[in-house]
>>> print(open('start_8.pdb').read())   # PDB, C-alpha atoms and all ligand atoms
ATOM      1  CA  MET A1379       0.000   0.000   0.000  1.00  0.00           C
ATOM      2  CA  THR A1380       1.246   3.483  -0.863  1.00  0.00           C
ATOM      3  CA  GLU A1381       2.436   5.457   2.140  1.00  0.00           C
ATOM      4  CA  ASN A1382       0.690   8.808   2.120  1.00  0.00           C
ATOM      5  CA  PRO A1383       0.781  11.565   4.706  1.00  0.00           C
ATOM      6  CA  GLY A1384      -2.096  11.773   7.139  1.00  0.00           C
ATOM      7  CA  PHE A1385      -4.663  14.520   6.687  1.00  0.00           C
ATOM      8  CA  VAL A1386      -8.106  15.538   7.832  1.00  0.00           C
ATOM      9  CA  LEU A1387     -10.601  16.599   5.200  1.00  0.00           C
ATOM     10  CA  TRP A1388     -13.156  18.493   7.220  1.00  0.00           C
ATOM     11  CA  PHE A1389     -16.505  18.839   5.417  1.00  0.00           C
ATOM     12  CA  THR A1390     -18.577  21.600   6.994  1.00  0.00           C
ATOM     13  CA  GLY A1391     -21.947  22.913   5.828  1.00  0.00           C
ATOM     14  CA  LEU A1392     -25.682  22.877   6.388  1.00  0.00           C
ATOM     15  CA  SER A1393     -27.654  19.667   6.693  1.00  0.00           C
ATOM     16  CA  GLY A1394     -28.309  18.424   3.151  1.00  0.00           C
ATOM     17  CA  ALA A1395     -25.493  20.482   1.633  1.00  0.00           C
ATOM     18  CA  GLY A1396     -23.718  17.324   0.422  1.00  0.00           C
ATOM     19  CA  LYS A1397     -21.080  16.527   3.053  1.00  0.00           C
ATOM     20  CA  THR A1398     -21.802  12.807   3.384  1.00  0.00           C
ATOM     21  CA  THR A1399     -22.361  12.309  -0.356  1.00  0.00           C
ATOM     22  CA  LEU A1400     -18.934  13.752  -1.133  1.00  0.00           C
ATOM     23  CA  ALA A1401     -17.142  11.993   1.720  1.00  0.00           C
ATOM     24  CA  VAL A1402     -18.545   8.603   0.677  1.00  0.00           C
ATOM     25  CA  ALA A1403     -17.585   9.117  -2.978  1.00  0.00           C
ATOM     26  CA  LEU A1404     -14.135  10.323  -1.994  1.00  0.00           C
ATOM     27  CA  GLU A1405     -13.586   7.385   0.354  1.00  0.00           C
ATOM     28  CA  ARG A1406     -14.228   4.969  -2.505  1.00  0.00           C
ATOM     29  CA  GLU A1407     -11.913   6.789  -4.900  1.00  0.00           C
ATOM     30  CA  LEU A1408      -9.083   7.143  -2.369  1.00  0.00           C
ATOM     31  CA  ARG A1409      -9.240   3.457  -1.426  1.00  0.00           C
ATOM     32  CA  GLU A1410      -8.945   2.572  -5.105  1.00  0.00           C
ATOM     33  CA  ARG A1411      -5.784   4.680  -5.206  1.00  0.00           C
ATOM     34  CA  GLY A1412      -4.339   2.740  -2.272  1.00  0.00           C
ATOM     35  CA  VAL A1413      -4.756   5.550   0.265  1.00  0.00           C
ATOM     36  CA  ARG A1414      -5.519   4.478   3.821  1.00  0.00           C
ATOM     37  CA  VAL A1415      -8.670   6.311   4.871  1.00  0.00           C
ATOM     38  CA  GLU A1416     -11.235   6.396   7.648  1.00  0.00           C
ATOM     39  CA  ARG A1417     -14.562   8.181   7.455  1.00  0.00           C
ATOM     40  CA  LEU A1418     -16.167   9.862  10.448  1.00  0.00           C
ATOM     41  CA  ASP A1419     -19.748  11.037   9.909  1.00  0.00           C
ATOM     42  CA  GLY A1420     -21.854  13.239  12.176  1.00  0.00           C
ATOM     43  CA  ASP A1421     -24.912  11.023  12.024  1.00  0.00           C
ATOM     44  CA  THR A1422     -23.080   7.778  12.832  1.00  0.00           C
ATOM     45  CA  VAL A1423     -20.771   9.260  15.450  1.00  0.00           C
ATOM     46  CA  ARG A1424     -23.817  10.636  17.228  1.00  0.00           C
ATOM     47  CA  GLU A1425     -25.178   7.074  17.502  1.00  0.00           C
ATOM     48  CA  SER A1426     -21.997   5.815  19.154  1.00  0.00           C
ATOM     49  CA  LEU A1427     -19.102   7.904  20.462  1.00  0.00           C
ATOM     50  CA  THR A1428     -21.284  10.914  21.279  1.00  0.00           C
ATOM     51  CA  ALA A1429     -24.720   9.324  21.709  1.00  0.00           C
ATOM     52  CA  ASP A1430     -25.078  11.140  25.038  1.00  0.00           C
ATOM     53  CA  LEU A1431     -24.900  14.604  23.453  1.00  0.00           C
ATOM     54  CA  GLY A1432     -27.552  16.973  22.095  1.00  0.00           C
ATOM     55  CA  PHE A1433     -27.393  20.122  19.968  1.00  0.00           C
ATOM     56  CA  SER A1434     -26.757  22.972  22.397  1.00  0.00           C
ATOM     57  CA  LYS A1435     -23.576  24.927  21.706  1.00  0.00           C
ATOM     58  CA  GLU A1436     -21.912  23.152  24.612  1.00  0.00           C
ATOM     59  CA  ASP A1437     -22.869  19.690  23.343  1.00  0.00           C
ATOM     60  CA  ARG A1438     -21.963  20.510  19.745  1.00  0.00           C
ATOM     61  CA  ASP A1439     -18.520  21.593  20.941  1.00  0.00           C
ATOM     62  CA  LYS A1440     -18.090  18.411  22.990  1.00  0.00           C
ATOM     63  CA  ASN A1441     -19.127  16.360  19.965  1.00  0.00           C
ATOM     64  CA  ILE A1442     -16.419  17.965  17.838  1.00  0.00           C
ATOM     65  CA  GLN A1443     -13.821  17.759  20.615  1.00  0.00           C
ATOM     66  CA  ARG A1444     -14.221  13.987  20.868  1.00  0.00           C
ATOM     67  CA  VAL A1445     -14.145  13.552  17.114  1.00  0.00           C
ATOM     68  CA  THR A1446     -11.053  15.751  17.005  1.00  0.00           C
ATOM     69  CA  PHE A1447      -9.286  13.415  19.410  1.00  0.00           C
ATOM     70  CA  VAL A1448      -9.951  10.468  17.093  1.00  0.00           C
ATOM     71  CA  ALA A1449      -8.973  12.459  13.988  1.00  0.00           C
ATOM     72  CA  LYS A1450      -5.758  13.523  15.703  1.00  0.00           C
ATOM     73  CA  LEU A1451      -4.690   9.950  16.430  1.00  0.00           C
ATOM     74  CA  LEU A1452      -5.542   8.747  12.940  1.00  0.00           C
ATOM     75  CA  SER A1453      -4.021  11.648  11.002  1.00  0.00           C
ATOM     76  CA  ARG A1454      -0.729  11.512  12.872  1.00  0.00           C
ATOM     77  CA  ASN A1455      -0.475   7.846  11.910  1.00  0.00           C
ATOM     78  CA  ASN A1456      -0.745   8.591   8.182  1.00  0.00           C
ATOM     79  CA  VAL A1457      -4.444   7.938   7.805  1.00  0.00           C
ATOM     80  CA  GLY A1458      -6.553  10.226   5.629  1.00  0.00           C
ATOM     81  CA  VAL A1459      -9.623  11.163   7.677  1.00  0.00           C
ATOM     82  CA  LEU A1460     -12.847  12.184   5.943  1.00  0.00           C
ATOM     83  CA  ALA A1461     -14.899  14.007   8.549  1.00  0.00           C
ATOM     84  CA  SER A1462     -18.414  15.248   7.724  1.00  0.00           C
ATOM     85  CA  PHE A1463     -19.914  17.361  10.479  1.00  0.00           C
ATOM     86  CA  ILE A1464     -22.143  20.444  10.260  1.00  0.00           C
ATOM     87  CA  SER A1465     -19.728  22.028  12.787  1.00  0.00           C
ATOM     88  CA  PRO A1466     -21.426  25.441  12.730  1.00  0.00           C
ATOM     89  CA  TYR A1467     -18.944  27.362  14.893  1.00  0.00           C
ATOM     90  CA  ALA A1468     -15.828  28.856  13.290  1.00  0.00           C
ATOM     91  CA  GLU A1469     -13.920  28.833  16.562  1.00  0.00           C
ATOM     92  CA  THR A1470     -14.544  25.102  17.004  1.00  0.00           C
ATOM     93  CA  ARG A1471     -13.324  24.365  13.481  1.00  0.00           C
ATOM     94  CA  ASP A1472     -10.182  26.406  14.229  1.00  0.00           C
ATOM     95  CA  TYR A1473      -9.695  24.216  17.288  1.00  0.00           C
ATOM     96  CA  VAL A1474      -9.746  21.107  15.066  1.00  0.00           C
ATOM     97  CA  ARG A1475      -7.195  22.741  12.766  1.00  0.00           C
ATOM     98  CA  SER A1476      -4.880  23.363  15.741  1.00  0.00           C
ATOM     99  CA  GLN A1477      -5.033  19.723  16.879  1.00  0.00           C
ATOM    100  CA  VAL A1478      -4.719  17.502  13.819  1.00  0.00           C
ATOM    101  CA  THR A1479      -2.192  16.836  11.060  1.00  0.00           C
ATOM    102  CA  ASN A1480      -2.846  18.548   7.682  1.00  0.00           C
ATOM    103  CA  PHE A1481      -6.297  20.005   8.359  1.00  0.00           C
ATOM    104  CA  ILE A1482      -8.186  20.911   5.188  1.00  0.00           C
ATOM    105  CA  GLU A1483     -11.413  22.842   5.604  1.00  0.00           C
ATOM    106  CA  ILE A1484     -13.944  22.118   2.861  1.00  0.00           C
ATOM    107  CA  PHE A1485     -16.935  24.428   2.815  1.00  0.00           C
ATOM    108  CA  VAL A1486     -19.772  22.364   1.329  1.00  0.00           C
ATOM    109  CA  ASP A1487     -21.944  25.274   0.324  1.00  0.00           C
ATOM    110  CA  ALA A1488     -25.521  25.388  -0.890  1.00  0.00           C
ATOM    111  CA  PRO A1489     -28.169  28.001  -0.034  1.00  0.00           C
ATOM    112  CA  LEU A1490     -30.535  27.127   2.780  1.00  0.00           C
ATOM    113  CA  GLU A1491     -33.466  27.080   0.301  1.00  0.00           C
ATOM    114  CA  VAL A1492     -31.716  24.435  -1.803  1.00  0.00           C
ATOM    115  CA  CYS A1493     -30.936  22.265   1.238  1.00  0.00           C
ATOM    116  CA  ALA A1494     -34.519  22.657   2.439  1.00  0.00           C
ATOM    117  CA  ASP A1495     -35.875  21.721  -1.007  1.00  0.00           C
ATOM    118  CA  ARG A1496     -33.689  18.609  -1.056  1.00  0.00           C
ATOM    119  CA  ASP A1497     -34.732  17.808   2.504  1.00  0.00           C
ATOM    120  CA  VAL A1498     -32.799  14.519   2.298  1.00  0.00           C
ATOM    121  CA  LYS A1499     -33.751  13.440   5.822  1.00  0.00           C
ATOM    122  CA  GLY A1500     -37.111  15.197   6.103  1.00  0.00           C
ATOM    123  CA  LEU A1501     -35.728  17.368   8.881  1.00  0.00           C
ATOM    124  CA  TYR A1502     -36.251  20.827   7.351  1.00  0.00           C
ATOM    125  CA  ALA A1503     -40.006  20.309   7.137  1.00  0.00           C
ATOM    126  CA  LYS A1504     -40.007  19.502  10.852  1.00  0.00           C
ATOM    127  CA  ALA A1505     -37.657  22.370  11.685  1.00  0.00           C
ATOM    128  CA  PHE A1506     -39.799  24.917   9.808  1.00  0.00           C
ATOM    129  CA  ALA A1507     -42.846  23.524  11.600  1.00  0.00           C
ATOM    130  CA  GLY A1508     -41.085  24.323  14.863  1.00  0.00           C
ATOM    131  CA  GLU A1509     -40.739  20.660  15.812  1.00  0.00           C
ATOM    132  CA  ILE A1510     -36.942  20.665  16.113  1.00  0.00           C
ATOM    133  CA  GLU A1511     -35.080  22.959  18.449  1.00  0.00           C
ATOM    134  CA  ASN A1512     -31.555  24.097  17.588  1.00  0.00           C
ATOM    135  CA  PHE A1513     -31.771  23.171  13.918  1.00  0.00           C
ATOM    136  CA  THR A1514     -28.803  24.693  12.078  1.00  0.00           C
ATOM    137  CA  GLY A1515     -29.794  27.386   9.576  1.00  0.00           C
ATOM    138  CA  VAL A1516     -33.380  27.526  10.825  1.00  0.00           C
ATOM    139  CA  SER A1517     -33.327  27.949  14.586  1.00  0.00           C
ATOM    140  CA  ASP A1518     -29.576  27.770  15.268  1.00  0.00           C
ATOM    141  CA  PRO A1519     -26.598  29.628  13.785  1.00  0.00           C
ATOM    142  CA  TYR A1520     -24.212  28.549  11.042  1.00  0.00           C
ATOM    143  CA  GLU A1521     -20.982  30.516  10.737  1.00  0.00           C
ATOM    144  CA  PRO A1522     -19.713  30.040   7.158  1.00  0.00           C
ATOM    145  CA  PRO A1523     -15.950  29.568   6.798  1.00  0.00           C
ATOM    146  CA  GLN A1524     -14.339  32.900   5.916  1.00  0.00           C
ATOM    147  CA  ASN A1525     -11.294  31.364   4.317  1.00  0.00           C
ATOM    148  CA  PRO A1526     -11.889  27.677   3.525  1.00  0.00           C
ATOM    149  CA  ASP A1527      -9.145  25.682   1.844  1.00  0.00           C
ATOM    150  CA  ILE A1528     -11.706  24.360  -0.644  1.00  0.00           C
ATOM    151  CA  HIS A1529     -15.092  25.915  -1.437  1.00  0.00           C
ATOM    152  CA  ILE A1530     -17.634  23.614  -3.082  1.00  0.00           C
ATOM    153  CA  ARG A1531     -20.933  24.979  -4.467  1.00  0.00           C
ATOM    154  CA  THR A1532     -23.162  21.917  -4.600  1.00  0.00           C
ATOM    155  CA  ASP A1533     -26.090  23.919  -6.001  1.00  0.00           C
ATOM    156  CA  GLN A1534     -23.958  24.725  -9.065  1.00  0.00           C
ATOM    157  CA  GLN A1535     -21.903  21.556  -9.519  1.00  0.00           C
ATOM    158  CA  THR A1536     -22.620  17.888 -10.055  1.00  0.00           C
ATOM    159  CA  VAL A1537     -21.312  15.434  -7.459  1.00  0.00           C
ATOM    160  CA  GLU A1538     -18.669  14.346  -9.973  1.00  0.00           C
ATOM    161  CA  GLU A1539     -17.476  17.939 -10.522  1.00  0.00           C
ATOM    162  CA  SER A1540     -17.279  18.582  -6.780  1.00  0.00           C
ATOM    163  CA  LEU A1541     -15.382  15.346  -6.292  1.00  0.00           C
ATOM    164  CA  GLN A1542     -12.910  16.190  -9.044  1.00  0.00           C
ATOM    165  CA  SER A1543     -12.112  19.597  -7.602  1.00  0.00           C
ATOM    166  CA  ILE A1544     -11.293  18.058  -4.219  1.00  0.00           C
ATOM    167  CA  LEU A1545      -9.159  15.328  -5.806  1.00  0.00           C
ATOM    168  CA  THR A1546      -7.254  17.893  -7.872  1.00  0.00           C
ATOM    169  CA  TRP A1547      -6.589  20.007  -4.788  1.00  0.00           C
ATOM    170  CA  LEU A1548      -5.271  16.970  -2.882  1.00  0.00           C
ATOM    171  CA  GLU A1549      -3.063  15.927  -5.798  1.00  0.00           C
ATOM    172  CA  GLU A1550      -1.658  19.443  -6.168  1.00  0.00           C
ATOM    173  CA  HIS A1551      -0.788  19.486  -2.481  1.00  0.00           C
ATOM    174  CA  ASN A1552       0.912  16.086  -2.741  1.00  0.00           C
ATOM    175  CA  LEU A1553      -1.404  14.496  -0.216  1.00  0.00           C
ATOM    176  CA  ILE A1554      -2.631  11.698  -2.497  1.00  0.00           C
ATOM    177  CA  PRO A1555      -1.194   9.858  -5.505  1.00  0.00           C
ATOM    178  CA  GLU A1556      -2.644  10.483  -8.941  1.00  0.00           C
ATOM    179  CA  ARG A1557      -4.905   7.812 -10.366  1.00  0.00           C
ATOM    180  CA  VAL A1558      -2.901   5.251 -12.303  1.00  0.00           C
ATOM    181  CA  THR A1559      -4.605   4.418 -15.576  1.00  0.00           C
ATOM    182  CA  LEU A1560      -3.393   1.209 -17.174  1.00  0.00           C
TER
HETATM  183  P1  LIG B1601     -25.225  16.306   4.303  1.00  0.00           P
HETATM  184  O1  LIG B1601     -24.301  15.159   4.583  1.00  0.00           O
HETATM  185  O2  LIG B1601     -24.479  17.598   4.092  1.00  0.00           O
HETATM  186  O3  LIG B1601     -26.330  16.448   5.287  1.00  0.00           O
HETATM  187  P2  LIG B1601     -26.163  14.671   2.113  1.00  0.00           P
HETATM  188  O4  LIG B1601     -24.873  14.281   1.448  1.00  0.00           O
HETATM  189  O5  LIG B1601     -26.814  13.675   3.002  1.00  0.00           O
HETATM  190  O6  LIG B1601     -25.932  16.056   2.879  1.00  0.00           O
HETATM  191  O7  LIG B1601     -27.219  15.109   0.980  1.00  0.00           O
HETATM  192  C1  LIG B1601     -26.895  15.985  -0.095  1.00  0.00           C
HETATM  193  C2  LIG B1601     -27.864  15.811  -1.275  1.00  0.00           C
HETATM  194  O8  LIG B1601     -27.495  16.746  -2.316  1.00  0.00           O
HETATM  195  C3  LIG B1601     -27.798  14.424  -1.904  1.00  0.00           C
HETATM  196  O9  LIG B1601     -29.111  14.049  -2.263  1.00  0.00           O
HETATM  197  C4  LIG B1601     -26.924  14.665  -3.164  1.00  0.00           C
HETATM  198  O10 LIG B1601     -27.205  13.745  -4.203  1.00  0.00           O
HETATM  199  C5  LIG B1601     -27.311  16.079  -3.569  1.00  0.00           C
HETATM  200  N1  LIG B1601     -26.279  16.794  -4.362  1.00  0.00           N
HETATM  201  C6  LIG B1601     -26.497  17.467  -5.510  1.00  0.00           C
HETATM  202  N2  LIG B1601     -25.366  18.000  -6.003  1.00  0.00           N
HETATM  203  C7  LIG B1601     -24.394  17.656  -5.149  1.00  0.00           C
HETATM  204  C8  LIG B1601     -22.967  17.903  -5.128  1.00  0.00           C
HETATM  205  N3  LIG B1601     -22.344  18.618  -6.058  1.00  0.00           N
HETATM  206  N4  LIG B1601     -22.271  17.410  -4.081  1.00  0.00           N
HETATM  207  C9  LIG B1601     -22.892  16.698  -3.112  1.00  0.00           C
HETATM  208  N5  LIG B1601     -24.210  16.434  -3.075  1.00  0.00           N
HETATM  209  C10 LIG B1601     -24.970  16.899  -4.096  1.00  0.00           C
END
>>> encode(input="start_8.pdb", output="structure tokens", more="lines below")
Ligand code: ADP
Amino acid sequence: MTENPGFVLWFTGLSGAGKTTLAVALERELRERGVRVERLDGDTVRESLTADLGFSKEDRDKNIQRVTFVAKLLSRNNVGVLASFISPYAETRDYVRSQVTNFIEIFVDAPLEVCADRDVKGLYAKAFAGEIENFTGVSDPYEPPQNPDIHIRTDQQTVEESLQSILTWLEEHNLIPERVTL
């Protein structure tokens, strides 16, 4: 297996913006290139490592702190971590950057209206009906990254285009090998 440096691709954005879709597609592509990767996803982590936490600012910060600890251990041992978390607070994302090896902030950006129209998990309908407290973008803040390493507009790009722009960025920064075509 190719030895690649560890890194943390941190996908941040509103619910339904496309974080998980891109992380899953990227995981598949990177494995095919022989890169050792691990994917950490907000929804699954919240069913295990942080099942005790809710969505107050304090709990959101604790959620990210625990994930950061895992990402730190993996990235310093040459694993590429694909982390998809809404992570609405800029200060908390800066904390992740300070802790892990090769932090790359990816702003997965789509307007709230587009995310709400997609309503992948049916949560926006509930949030707009006032049935969910602390729902990011509706009844809770989202602080967009001011200076992301990669900015993806999923309302203007196909999944394939978004994926390609991330892969190109990683290749240009010598974090992953180029695809070998036989
Ligand atoms: P999140 O993980 O951010 O909550 P999901 O990945 O679950 O969001 O859902 C995003 C939805 O947007 C999916 O239905 C996906 O097919 C769609 N989509 C459309 N264009 C894109 C794109 N360029 N990148 C990622 N997702 C996209």
>>> resolve_selection(input="start_8.pdb", expression="the PyMOL selection byres (((chain A and resi 1492) around 12) and not hetatm)", output="list of chain:residue names")
A:Leu1392, A:Ser1393, A:Gly1394, A:Ala1395, A:Gly1396, A:Asp1487, A:Ala1488, A:Pro1489, A:Leu1490, A:Glu1491, A:Cys1493, A:Ala1494, A:Asp1495, A:Arg1496, A:Asp1497, A:Val1498, A:Tyr1502, A:Gly1515, A:Arg1531, A:Thr1532, A:Asp1533, A:Gln1534
>>> resolve_selection(input="start_8.pdb", expression="the PyMOL selection byres (((chain A and resi 1509-1512) around 12) and not hetatm)", output="list in words")
Gly1432, Phe1433, Ser1434, Lys1435, Glu1436, Asp1437, Arg1438, Pro1466, Gly1500, Leu1501, Tyr1502, Ala1503, Lys1504, Ala1505, Phe1506, Ala1507, Gly1508, Phe1513, Thr1514, Gly1515, Val1516, Ser1517, Asp1518, Pro1519 and Tyr1520 of chain A
>>> closest_residue(input="start_8.pdb", among="A:Glu1521, A:Glu1381, A:Glu1425, A:Asp1527", to="Gly1458 of chain A", atoms="all atoms listed in the file")
A:Glu1381
>>> closest_residue(input="start_8.pdb", among="A:Val1423, A:Leu1387, A:Val1402, A:Val1459", to="Phe1485 of chain A", atoms="all atoms listed in the file")
A:Leu1387
>>> atom_distance(input="start_8.pdb", atom1="atom CA of Val1386 of chain A", atom2="atom CA of Ile1482 of chain A")
6.0 Å
>>> resolve_selection(input="start_8.pdb", expression="the PyMOL selection byres (((chain A and resi 1383) around 6) and not hetatm)", output="ChimeraX atom specification")
/A:1382,1384,1456
>>> closest_residue(input="start_8.pdb", among="A:Gln1524, A:Thr1398, A:Thr1390, A:Gln1542", to="ligand LIG 1601 (chain B)", atoms="all atoms listed in the file")
A:Thr1398
>>> closest_residue(input="start_8.pdb", among="A:Leu1451, A:Ile1544, A:Ile1530, A:Leu1431", to="ligand LIG 1601 (chain B)", atoms="all atoms listed in the file")
A:Ile1530
>>> closest_residue(input="start_8.pdb", among="A:Leu1548, A:Ala1403, A:Leu1427, A:Leu1408", to="Ile1442 of chain A", atoms="only C-alpha atoms")
A:Leu1427
>>> closest_residue(input="start_8.pdb", among="A:Arg1414, A:His1529, A:Arg1557, A:Arg1406", to="ligand LIG 1601 (chain B)", atoms="only C-alpha atoms and all ligand atoms")
A:His1529
>>> residues_around(input="start_8.pdb", residues="segment 1443-1445 of chain A", least_positions_apart="6", cutoff="12 Å", atoms="all atoms listed in the file", output="PyMOL selection string")
chain A and resi 1386+1388+1417-1420+1422-1424+1426-1431+1436-1437+1451-1453+1459-1463+1465+1469-1478
>>> axis_aligned_box(input="start_8.pdb", around="ligand LIG 1601 (chain B)", padding_each_side="8 Å", output="lines of an AutoDock Vina configuration file")
center_x = -25.7
center_y = 16.1
center_z = -0.4
size_x = 22.8
size_y = 20.9
size_z = 27.3
>>> decode(input="start_8.pdb", residues="segment 1452-1534 of chain A", atoms="C-alpha atoms", output="CSV table (one decimal), in the first residue's frame")
chain,number,residue,atom,x,y,z
A,1452,LEU,CA,-5.5,8.7,12.9
A,1453,SER,CA,-4.0,11.6,11.0
A,1454,ARG,CA,-0.7,11.5,12.9
A,1455,ASN,CA,-0.5,7.8,11.9
A,1456,ASN,CA,-0.7,8.6,8.2
A,1457,VAL,CA,-4.4,7.9,7.8
A,1458,GLY,CA,-6.6,10.2,5.6
A,1459,VAL,CA,-9.6,11.2,7.7
A,1460,LEU,CA,-12.8,12.2,5.9
A,1461,ALA,CA,-14.9,14.0,8.5
A,1462,SER,CA,-18.4,15.2,7.7
A,1463,PHE,CA,-19.9,17.4,10.5
A,1464,ILE,CA,-22.1,20.4,10.3
A,1465,SER,CA,-19.7,22.0,12.8
A,1466,PRO,CA,-21.4,25.4,12.7
A,1467,TYR,CA,-18.9,27.4,14.9
A,1468,ALA,CA,-15.8,28.9,13.3
A,1469,GLU,CA,-13.9,28.8,16.6
A,1470,THR,CA,-14.5,25.1,17.0
A,1471,ARG,CA,-13.3,24.4,13.5
A,1472,ASP,CA,-10.2,26.4,14.2
A,1473,TYR,CA,-9.7,24.2,17.3
A,1474,VAL,CA,-9.7,21.1,15.1
A,1475,ARG,CA,-7.2,22.7,12.8
A,1476,SER,CA,-4.9,23.4,15.7
A,1477,GLN,CA,-5.0,19.7,16.9
A,1478,VAL,CA,-4.7,17.5,13.8
A,1479,THR,CA,-2.2,16.8,11.1
A,1480,ASN,CA,-2.8,18.5,7.7
A,1481,PHE,CA,-6.3,20.0,8.4
A,1482,ILE,CA,-8.2,20.9,5.2
A,1483,GLU,CA,-11.4,22.8,5.6
A,1484,ILE,CA,-13.9,22.1,2.9
A,1485,PHE,CA,-16.9,24.4,2.8
A,1486,VAL,CA,-19.8,22.4,1.3
A,1487,ASP,CA,-21.9,25.3,0.3
A,1488,ALA,CA,-25.5,25.4,-0.9
A,1489,PRO,CA,-28.2,28.0,0.0
A,1490,LEU,CA,-30.5,27.1,2.8
A,1491,GLU,CA,-33.5,27.1,0.3
A,1492,VAL,CA,-31.7,24.4,-1.8
A,1493,CYS,CA,-30.9,22.3,1.2
A,1494,ALA,CA,-34.5,22.7,2.4
A,1495,ASP,CA,-35.9,21.7,-1.0
A,1496,ARG,CA,-33.7,18.6,-1.1
A,1497,ASP,CA,-34.7,17.8,2.5
A,1498,VAL,CA,-32.8,14.5,2.3
A,1499,LYS,CA,-33.8,13.4,5.8
A,1500,GLY,CA,-37.1,15.2,6.1
A,1501,LEU,CA,-35.7,17.4,8.9
A,1502,TYR,CA,-36.3,20.8,7.4
A,1503,ALA,CA,-40.0,20.3,7.1
A,1504,LYS,CA,-40.0,19.5,10.9
A,1505,ALA,CA,-37.7,22.4,11.7
A,1506,PHE,CA,-39.8,24.9,9.8
A,1507,ALA,CA,-42.8,23.5,11.6
A,1508,GLY,CA,-41.1,24.3,14.9
A,1509,GLU,CA,-40.7,20.7,15.8
A,1510,ILE,CA,-36.9,20.7,16.1
A,1511,GLU,CA,-35.1,23.0,18.4
A,1512,ASN,CA,-31.6,24.1,17.6
A,1513,PHE,CA,-31.8,23.2,13.9
A,1514,THR,CA,-28.8,24.7,12.1
A,1515,GLY,CA,-29.8,27.4,9.6
A,1516,VAL,CA,-33.4,27.5,10.8
A,1517,SER,CA,-33.3,27.9,14.6
A,1518,ASP,CA,-29.6,27.8,15.3
A,1519,PRO,CA,-26.6,29.6,13.8
A,1520,TYR,CA,-24.2,28.5,11.0
A,1521,GLU,CA,-21.0,30.5,10.7
A,1522,PRO,CA,-19.7,30.0,7.2
A,1523,PRO,CA,-16.0,29.6,6.8
A,1524,GLN,CA,-14.3,32.9,5.9
A,1525,ASN,CA,-11.3,31.4,4.3
A,1526,PRO,CA,-11.9,27.7,3.5
A,1527,ASP,CA,-9.1,25.7,1.8
A,1528,ILE,CA,-11.7,24.4,-0.6
A,1529,HIS,CA,-15.1,25.9,-1.4
A,1530,ILE,CA,-17.6,23.6,-3.1
A,1531,ARG,CA,-20.9,25.0,-4.5
A,1532,THR,CA,-23.2,21.9,-4.6
A,1533,ASP,CA,-26.1,23.9,-6.0
A,1534,GLN,CA,-24.0,24.7,-9.1
